[in-house]
Amino acid sequence: MNEKIIEITGKAVPLRGDDIDTDRIIPARFMKCLTFDGLGQFAFYDVKYGEKGEEKEHVLNSPDFKGHAILISGRNFGCGSSREHAPWALKGMGIRCIIARSYAEIFANNCSSLGIPALAVDENIADELLKMVEDDPAVDFSIDLLGKRLYSGNRTFPFHIPENYRLALVEGRWDTTSMLMESLEDIERANKRLPAFID
Amino acid sequence: MSQNLLNKVWDIHRIKTLPTGQDQLFISLHLIHEVTSPQAFGMLKERGLKVLYPERTFATVDHIIPTDKRERPFDDGLAEGMIRTLEENTGENGISYFGPESDHQGIVHIMGPELGLTQPGLTIACGDSHTSTHGAFGAIAFGIGTSQIRDILATQTMALSKPKVRRINIDGTLKKGVYGKDLILKIIADLGVNGGIGFAYEYGGEVIDNMSMEERMTICNMTIEGGARVGYVNPDEKTYEYLKGRRYAPKDFDAAVKEWKKLASPQDAEYDDVYTLDVSDLEPMITWGINPGQALGVGDRIPEDADEQACAFMGFERGQVLKGTQIDVAFIGSCTNGRISDLRIAAEVVRGRKVSPGVRALVVPGSRSVADQAEREGLHTIFKEAGFQWREPGCSMCLAMNPDKLIKRELCASSSNRNFIGRQGSPTGRTILMSPAMVAASAIIGRISDVRDML
């Protein structure tokens with residue numbers, strides 16, 4: 001069992017845009033690595049830095065949002081490559097929860113494996129949250145995965161998360177290996193029943 | 001109403017319902033490569049776990065391998081290190097490995113079918129989003145992350161929710177010069193890059209029935225670009241014909257075919273959604289933007305409501321016609337279009353012509369077997385005489401993890417699958433996706449061209 005992830009509190013980073021792909025979250029040249037350690041420094045590298053390594057003017061470089069734990073974005077976040085390096089890079093830069101209009105499936109799956117809640121909100125709510133954070137970077141959010149509500153000040157917002165991912169987080173079953181290993185006998189029966197590859 | 005193929009295959013492989021509500025699914029075939037697997041082996045070691053069924057995992061190197069100099073150690077020490085790590089991990093665990101010296105090394109999604117590993121009715125997983133390719137054989141194939149590679153190595157299963165199934169009927173007849181690549185770009189443009197979230201796509205109809213296995217692979221390959229993790233075609237005589245006699249194909253082949261036939265979705269199969277497209281008027285497709293759904297016919301104008309950021313990055317304007325735009329690079333290859341039929345079609349366009357001066361043109365065969373076959377047919381000579389570089393097999397400039405990269409703002413006509421910002425190795429480099437025939441035509445003319453003018 002893993003740590004139970006039930007409540008997350010923090011400030012947010014507003015990252016506008018739809019279809020932000022995993023190549024943008026972490027360019028392929030930073031995947032020449034044997035572990036996922038230290039990828040945070042490369043998160044959104046080409047979004048943040050120019051060709052000579054100079055910092056671009058971008059919300060991700062703004063001191064107003066440095067170290068914030070909740071990333072807010074648009075539709076189909078994390079599309080493209082299945083690289084788990086992407087959520088690891090986000091985790092490495094301090095992101096503990098993502099709020100977006102929707103997610104690419106493999107990315108959402110990878111987030112779940114890492115214990116990062118990927119919450120989906122309706123378009124009008126995404127727009128409102130982005131605007132709230134842009135207007136006041138210091139605004140606090142609190143996410144309650146049991147009550148399935150997002151709180152900020154006296155405001156409450158609904159979100160969606162596939163029930164299986166939510167249960168995995170709140171029950172501490174997001175690292176799936178141990179759960180899967182409970183069925184080794186059934187797995188062995190399936191292995192014998194299903195065709196093997198004979199050279 | 002009867003069950004569709006996905007539901008049948010799912011039931012055959014389902015172990016049980018997990019406490020989280022997901023299904024535990026047995027994965028019959030697991031494919032791995034050098035970039036997304038080392039961390040998974042590391043996690044296993046940390047926990048003192050073993051690979052449960054090494055005979056169900058097969059490995060090759062594709063993502064990071066150089067396509068020019070193949071002497072070991074590779075010039076890039078990190079690439080050498082990653083490949084050596086895969087060699088150690090497969091060696092220690094008794095996993096079959098098709099390395100740089102092997103007759104079967106290649107892009108993992110090209111190697112699987114060639115070896116006859118990819119078969120109807122299997123569940124297949126690989127740490128690469130284009131695993132959907134294998135669906136062309138009536139397999140259910142998932143791209144996965146590294147934590148799931150770990151799960152499969154340790155348990156041969158993974159936790160999944162069953163997708164809904166959208167049947168995509170393709171009617172009509174493709175015109176000369178229009179290929180599977182154009183068709184899948186059209187489907188993604190119509191249904192959207194996020195249109196397939198939560199769905200598997202079942203492709204069928206007369207156009208799919210008439211297609212070769214290789215073209216079906218191109219279509220299933222890019223399913224993920226439309227947001228669907230899984231895409232498949234029901235197995236038929238072409239599928240069995242392709243597999244017969246391949247190295248890992250079932251030894252009692254007739255008995256296997258009998259089983260496979262039972263899996264195909266029947267006429268009255270039930271679907272969650274149906275989409276029908278007539279492609280008789282389809283033109284060769286090209287992308288204009290920064291995702292594969294931003295595509296249009298080669299003669300069409302960029303829409304008046306086109307995304308501003310995409311236009312700005314590409315340096316194009318709304319209303320612009322891209323045909324005639326100068327290109328810098330032409331790339332033929334990738335798991336989408338690096339198979340022998342792709343090279344034959346491109347070579348036919350190139351034969352007796354020269355690459356336009358100033359265009360850097362590469363052909364990267366998808367596998368060693370593809371390269372060998374192309375060389376037996378003399379295709380490499382056609383390409384080389386025209387001024388193309390003829391390279392060793394790998395993923396190459398599709399994702400540019402090896403030395404094959406765009407430089408600065410270069411514009412590339414590419415037979416690959418993604419035109420994301422920075423995808424081909426330069427943060428400012430630009431990609432126009434198209435069929436291999438269209439890349440060949442554009443390389444010769446030096447501008448984005450309509451291959452039909454050259455056939």
# chains A, B, ... in the order shown; residues from 1 in each chain; ligands from 1
call {"tool": "residues_around", "arguments": {"residues": "stretch 32-49 of chain A", "least_positions_apart": "6", "cutoff": "6 Å", "atoms": "only C-alpha atoms", "output": "list of chain:residue names"}}
result
A:Arg24, A:Ile25, A:Ile26, A:Glu55, A:Lys56, A:Ala89, A:Gly92, A:Met93, B:Pro38, B:Gln39
call {"tool": "interface_residues", "arguments": {"of": "chain A", "to": "chain B", "cutoff": "6 Å", "atoms": "only C-alpha atoms", "output": "list in words"}}
result
Ala28, Arg29, Leu34, Thr35, Asn76, Ser81, Ser82, Arg83, Glu84, Asn110, Asn164, Leu167, Ala168, Thr177, Phe197, Ile198 and Asp199 of chain A
call {"tool": "select_by_dssp", "arguments": {"residues": "stretch 161-379 of chain B", "states": "strand (DSSP E or B)", "output": "number ranges by chain"}}
result
B: 164-171, 199-204, 230-233, 269, 273-278, 285-287, 295-297, 301, 321, 326, 329-332, 360-363, 367
call {"tool": "residues_around", "arguments": {"residues": "A:Ala108", "least_positions_apart": "2", "cutoff": "12 Å", "atoms": "only C-alpha atoms", "output": "number ranges by chain"}}
result
A: 22, 76-80, 82-84, 86-87, 97-100, 102-106, 110-120, 161-162, 164-166; B: 144-145, 160, 197-198, 229
call {"tool": "closest_residue", "arguments": {"among": "B:Val355, B:Val233, B:Ser132, B:Gln105", "to": "B:Leu263", "atoms": "only C-alpha atoms"}}
result
B:Val233
call {"tool": "select_by_dssp", "arguments": {"residues": "stretch 215-267 of chain B", "states": "helix (DSSP H, G or I)", "output": "PyMOL selection string"}}
result
chain B and resi 215-226+237-243+253-263
call {"tool": "residues_around", "arguments": {"residues": "stretch 314-318 of chain B", "least_positions_apart": "4", "cutoff": "8 Å", "atoms": "only C-alpha atoms", "output": "short mmCIF file (atom, residue, chain, number, x, y, z; two decimals) with N, CA and C atoms, in the first residue's frame"}}
result
data_model
loop_
_atom_site.label_atom_id
_atom_site.label_comp_id
_atom_site.auth_asym_id
_atom_site.auth_seq_id
_atom_site.Cartn_x
_atom_site.Cartn_y
_atom_site.Cartn_z
N TRP B 288 -0.82 21.45 -41.38
CA TRP B 288 -0.36 22.85 -41.46
C TRP B 288 0.07 23.37 -40.09
N GLY B 289 -0.26 22.62 -39.01
CA GLY B 289 -0.11 23.18 -37.67
C GLY B 289 0.80 22.37 -36.77
N ILE B 290 0.44 22.32 -35.49
CA ILE B 290 1.32 21.73 -34.48
C ILE B 290 0.69 20.52 -33.80
N ARG B 301 -6.81 25.71 -48.51
CA ARG B 301 -6.31 26.87 -47.75
C ARG B 301 -6.36 26.59 -46.25
N ILE B 302 -5.41 27.12 -45.50
CA ILE B 302 -5.47 27.06 -44.04
C ILE B 302 -6.75 27.77 -43.61
N PRO B 303 -7.54 27.14 -42.73
CA PRO B 303 -8.84 27.71 -42.40
C PRO B 303 -8.74 29.12 -41.81
N GLU B 304 -9.82 29.88 -42.02
CA GLU B 304 -9.85 31.27 -41.54
C GLU B 304 -9.91 31.33 -40.01
N ASP B 305 -10.35 30.22 -39.39
CA ASP B 305 -10.40 30.23 -37.92
C ASP B 305 -9.25 29.40 -37.33
N ALA B 306 -8.19 29.23 -38.10
CA ALA B 306 -7.07 28.40 -37.65
C ALA B 306 -6.45 28.97 -36.36
N ALA B 310 -0.61 28.13 -33.46
CA ALA B 310 -0.10 27.16 -34.42
C ALA B 310 0.41 27.88 -35.67
N ARG B 430 10.14 22.77 -37.78
CA ARG B 430 8.72 22.63 -38.16
C ARG B 430 8.50 21.39 -39.02
#
call {"tool": "atom_distance", "arguments": {"atom1": "atom CA of B:Ser212", "atom2": "atom CA of B:Glu237"}}
result
10.9 Å
call {"tool": "atom_distance", "arguments": {"atom1": "atom CA of B:Pro403", "atom2": "atom CA of B:Gly387"}}
result
19.7 Å
call {"tool": "closest_residue", "arguments": {"among": "A:Met179, A:Leu150, A:Met1, A:Ile187", "to": "A:Ala126", "atoms": "only C-alpha atoms"}}
result
A:Leu150
